[in-house]
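Notes follow once the structure below has been shown.
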Amino acid sequence: MLGGGPVLLWRTALTALLLCGIGLLPWLSRTDPALTVLKARSAERTPTPEVLAAVRDELGLDAGPLRLLGQWLGGLPHGDAGRSWISGAEVLPGVGQALGVSLLLMAGALAVAAVTAGALCARTLWRGSRGGLAGRRSGGSGAALLAALPEFLTASVLATVVGIQLGWLPALGWYGPRWMVLPALSLGLPAGALLGRLLADLLPGAFAEPWALAAAARGVSGASIAGQSLHRCVPGLLPNLGLFVVGLTGGAVAVEQIFDIPGLGRTTLQAALAQDLPVLQAGTLALVLLAATAGLLVRLGARLLIGPALRDGALPSLHGAATNTPTRLPLLYAAALLGVIGLGLPRDPLALDTTARLQPPSWTHPFGTDALGRDILARVSHGALDTLALALAISAAALLTGVLLGLLPRFSGPLVDTVNALPSVLVALLVAAVAGSGPATPALAVATVAWAPLAAHTSALLRQERATTHLLATRALGAGPLELLSHELLPAVLPPVARHALLRLPGVALALAALGFLGLGAQPPSPEWGLLLAENQPYAERAPWAVLAPAAALALLGALAVTAADGVPRRRGRANSPV
């Protein structure tokens, strides 16, 4: 829905609540903002009471957070977002420049994602255009391996190998198109793999719709049928594409850190750590406005692509596919993952051996050792208990929350846009400020945002399912809203959203790992997978096995999630949708 007065009011209230929370961040975290700002300005200066009092007087901190926020909001209509508490420079030019850098990087990443998604769907399109999709699964493990690659790990490998060792492309800075290639690849490959897998999940349903069967019977070319099937499926993916647009703009913090890119995500992170509230508030407001714009364009695009069929209830259902052919791949991947965990659990993940630092894999240490001589197999195995348990719990909660909120698009639409605009790092800082820093902080931060893509997917599918001919007929026969929801809408929507949740499982683990990589998750000597990647990343050139082991475990989890998603039951076809 395009919205209206209540929706606009709700969106404005959410934005105001978010900005108020950010404005209260130093006071919620019970830290002295004057001390934090002083350390950010000059770490060597002694924080005497006189110096701190001078900083408070300069920034007007004694007036209180609400007065500061009111002054900042009052300047926005005049194009004045204040001055940075750290550098003293005007905020808007700096945030605008950072936003431009992030948008350019996002465009490059989307181009990589589009190519990746197209490559992953090419086989499905080719088979569908020739009527060869019957009884075949819609995706494979290749997408899982790409989607499970941590962005920060991909960035580190590309920067080290392609940028430094081979010297093919620049690895640091932002000075022209050549500097955009490696970070765009780091961001676009995992995003394209997930989008490609979601698209491949919908394509069999489109190829089995009556119009496609009739077109094939009349001799219409396979390329034309494939193009129209793609056109039919894209509206269901547009909400997630919109989320990717915002996520790739503000959520690329780790990649921007590695490649030293002055983007909005990195700018926002630095402002949050330094409690530079004017910059942080302006950056967050820019992300929220970008999310609202992307959401509006997505809804307009879906209406234009589907046409009057969405209004007239003339769509067939994309979700009446026959049950999948059973596969043993999930069992094989699960056995491999459990085997690795079982082999490492008897070992001590904290035992130090400085005489065996960075040892390659051997019989004694099958995965090698890290920089402190600790057994990597033991650390990967023990870290799996925390990482997998948290990822499963968060994914289950996200699925339930996403489906429930997806049933209320007018309420959840602005909420999804607002939540998705926040980088997970900023959410972690806000959660830590409210609930305190601890082992549960990363889980709470990821859970706060993990439901948004599932809610957007649910709303998009429900919008199309409500416009199907069979639902129109069922409603004409006297079915009430509750019966339509329980017998028609939820059975059609739940399987693809459940498969989406399984596909997001590695992403949840990656989000936890990314927070660990940025120092906001588990702390040493914890064997959490993200911390393992962060600790061993400086030694990737000398001891690649130290990084490859946890990365391979994440890739194995991704392959397990994708193949398990293929096993989620699908509805059997109707007369109007024999998919």
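Letters A, B, ... go to the chains of the structure tokens in the order shown; residues in each chain start at 1; ligands are counted from 1 in the same order.
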> Residues of segment 315-496 of chain A in alpha helix (DSSP H) according to DSSP, as an MDAnalysis selection string?
Replying inline: chainID A and resid 329:344 376:406 409:420 424:435 441:450 452:465 469:476 481:484 490:496
>> Give me the residues near Val446 of chain A as an MDAnalysis selection string, where near means some atom within 9 Å (using only C-alpha atoms) and where sequence neighbours in that chain fewer than 5 positions away do not count.
In response: chainID A and resid 394 424 427:428 441 508 511:512
Dump of C-alpha atoms for the selected residues, as a compact mmCIF listing (two decimals), in the first residue's frame:
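Contents of part05.txt, as written:
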```txt
# COMPACT_ATOMS: atom_id res chain seq x y z
CA ILE A 394 17.07 -15.71 16.50
CA SER A 424 23.49 -3.58 13.03
CA VAL A 427 21.63 -1.17 16.91
CA ALA A 428 24.22 -3.01 19.01
CA THR A 441 24.05 -7.73 23.35
CA VAL A 508 22.09 -14.33 11.14
CA ALA A 511 25.61 -10.78 11.56
CA LEU A 512 26.71 -12.13 14.92
```
> Given the choices A:Ile225, A:Pro550, A:Val279, A:Val112, which gets closest to Ala89 of chain A if the distance is worked out from only C-alpha atoms?
Replying inline: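 Closest candidate: A:Val279.
In terms of minimum interatomic distance to Ala492 of chain A, A:Leu462 ranks closest within A:Ala291, A:Leu400, A:Leu187, A:Leu462, counting only C-alpha atoms.
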Could you build a table of the residues in segment 34-99 of chain A lying no more than 12 Å from segment 252-261 of chain A, giving for each the nearest pair of atoms and their separation in Å rounded to one decimal place, using only C-alpha atoms, ordered by chain and ascending residue number, as a Markdown table?
```
| residue | atom | partner | partner_atom | distance |
| --- | --- | --- | --- | --- |
| A:Gln97 | CA | A:Ile261 | CA | 11.6 |
| A:Ala98 | CA | A:Ile261 | CA | 9.0 |
| A:Leu99 | CA | A:Ile261 | CA | 11.4 |
```
Shell of 10 Å around Leu277 of chain A, only C-alpha atoms, local chain residues under 2 positions omitted, as a short mmCIF file (atom, residue, chain, number, x, y, z; two decimals) with N, CA, C and O atoms, in the first residue's frame:
```cif
data_model
loop_
_atom_site.label_atom_id
_atom_site.label_comp_id
_atom_site.auth_asym_id
_atom_site.auth_seq_id
_atom_site.Cartn_x
_atom_site.Cartn_y
_atom_site.Cartn_z
N LEU A 19 15.34 9.13 16.57
CA LEU A 19 16.25 10.26 16.77
C LEU A 19 16.35 10.63 18.25
O LEU A 19 17.43 11.00 18.74
N ILE A 22 18.70 8.13 19.85
CA ILE A 22 20.10 8.45 19.53
C ILE A 22 20.57 9.67 20.33
O ILE A 22 21.69 9.71 20.84
N GLY A 23 19.69 10.67 20.45
CA GLY A 23 20.05 11.85 21.21
C GLY A 23 20.29 11.56 22.68
O GLY A 23 21.06 12.25 23.35
N LEU A 24 19.64 10.50 23.18
CA LEU A 24 19.81 10.12 24.59
C LEU A 24 20.91 9.09 24.80
O LEU A 24 21.13 8.64 25.92
N LEU A 25 21.59 8.70 23.70
CA LEU A 25 22.56 7.60 23.77
C LEU A 25 23.61 7.79 24.86
O LEU A 25 23.85 6.88 25.66
N PRO A 26 24.27 8.94 24.96
CA PRO A 26 25.29 9.07 26.03
C PRO A 26 24.70 8.96 27.43
O PRO A 26 25.33 8.39 28.32
N PRO A 33 29.45 12.25 28.18
CA PRO A 33 29.74 12.60 26.78
C PRO A 33 30.92 13.54 26.64
O PRO A 33 31.64 13.49 25.65
N LEU A 68 19.12 19.87 23.57
CA LEU A 68 20.07 19.71 22.47
C LEU A 68 19.37 19.15 21.23
O LEU A 68 19.60 19.60 20.11
N LEU A 69 18.50 18.14 21.45
CA LEU A 69 17.78 17.55 20.33
C LEU A 69 16.83 18.57 19.70
O LEU A 69 16.71 18.65 18.47
N TRP A 72 18.77 20.92 17.55
CA TRP A 72 19.21 20.29 16.31
C TRP A 72 18.06 20.17 15.32
O TRP A 72 18.21 20.47 14.14
N GLY A 82 23.85 21.40 12.42
CA GLY A 82 24.82 21.62 13.48
C GLY A 82 26.25 21.38 13.01
O GLY A 82 26.53 21.20 11.83
N ARG A 83 27.13 21.38 13.99
CA ARG A 83 28.55 21.14 13.74
C ARG A 83 29.01 19.90 14.50
O ARG A 83 28.48 19.59 15.57
N SER A 84 29.99 19.24 13.94
CA SER A 84 30.53 18.04 14.58
C SER A 84 31.14 18.39 15.92
O SER A 84 31.87 19.39 16.05
N TRP A 85 30.84 17.57 16.93
CA TRP A 85 31.43 17.78 18.24
C TRP A 85 32.92 17.46 18.25
O TRP A 85 33.64 17.87 19.16
N ILE A 86 33.38 16.72 17.27
CA ILE A 86 34.79 16.31 17.24
C ILE A 86 35.62 17.26 16.40
O ILE A 86 36.62 17.81 16.87
N THR A 268 28.87 6.85 10.34
CA THR A 268 27.91 6.68 11.42
C THR A 268 28.53 5.90 12.57
O THR A 268 28.31 6.23 13.75
N ALA A 271 30.93 8.12 14.46
CA ALA A 271 30.19 9.10 15.25
C ALA A 271 29.56 8.45 16.48
O ALA A 271 29.51 9.06 17.56
N ALA A 272 29.07 7.22 16.32
CA ALA A 272 28.46 6.53 17.45
C ALA A 272 29.50 6.22 18.52
O ALA A 272 29.24 6.38 19.73
N ALA A 274 32.29 7.78 19.06
CA ALA A 274 32.77 9.03 19.66
C ALA A 274 31.65 9.84 20.30
O ALA A 274 31.93 10.89 20.88
N GLN A 275 30.39 9.35 20.18
CA GLN A 275 29.21 10.06 20.68
C GLN A 275 29.12 11.46 20.10
O GLN A 275 28.78 12.43 20.79
N VAL A 279 26.48 14.43 14.06
CA VAL A 279 26.80 13.60 12.89
C VAL A 279 26.00 12.32 12.92
O VAL A 279 25.47 11.87 11.89
N LEU A 280 25.88 11.70 14.09
CA LEU A 280 25.14 10.45 14.21
C LEU A 280 23.67 10.64 13.87
O LEU A 280 23.07 9.82 13.15
N GLN A 281 23.07 11.71 14.37
CA GLN A 281 21.65 11.96 14.09
C GLN A 281 21.43 12.27 12.62
O GLN A 281 20.47 11.78 12.01
N ALA A 282 22.31 13.06 12.01
CA ALA A 282 22.16 13.38 10.59
C ALA A 282 22.35 12.15 9.72
O ALA A 282 21.59 11.94 8.75
N GLY A 283 23.33 11.31 10.04
CA GLY A 283 23.53 10.08 9.27
C GLY A 283 22.37 9.14 9.39
O GLY A 283 21.93 8.52 8.40
#
```
>> List as JSON, numbers by chain the protein and nucleic acid residues near Ser381 of chain A, meaning an atom at most 8 Å away when only C-alpha atoms are counted, but skip any in the same chain fewer than 5 places from it.
In response: {"A": [340, 341, 342, 343, 344, 345]}
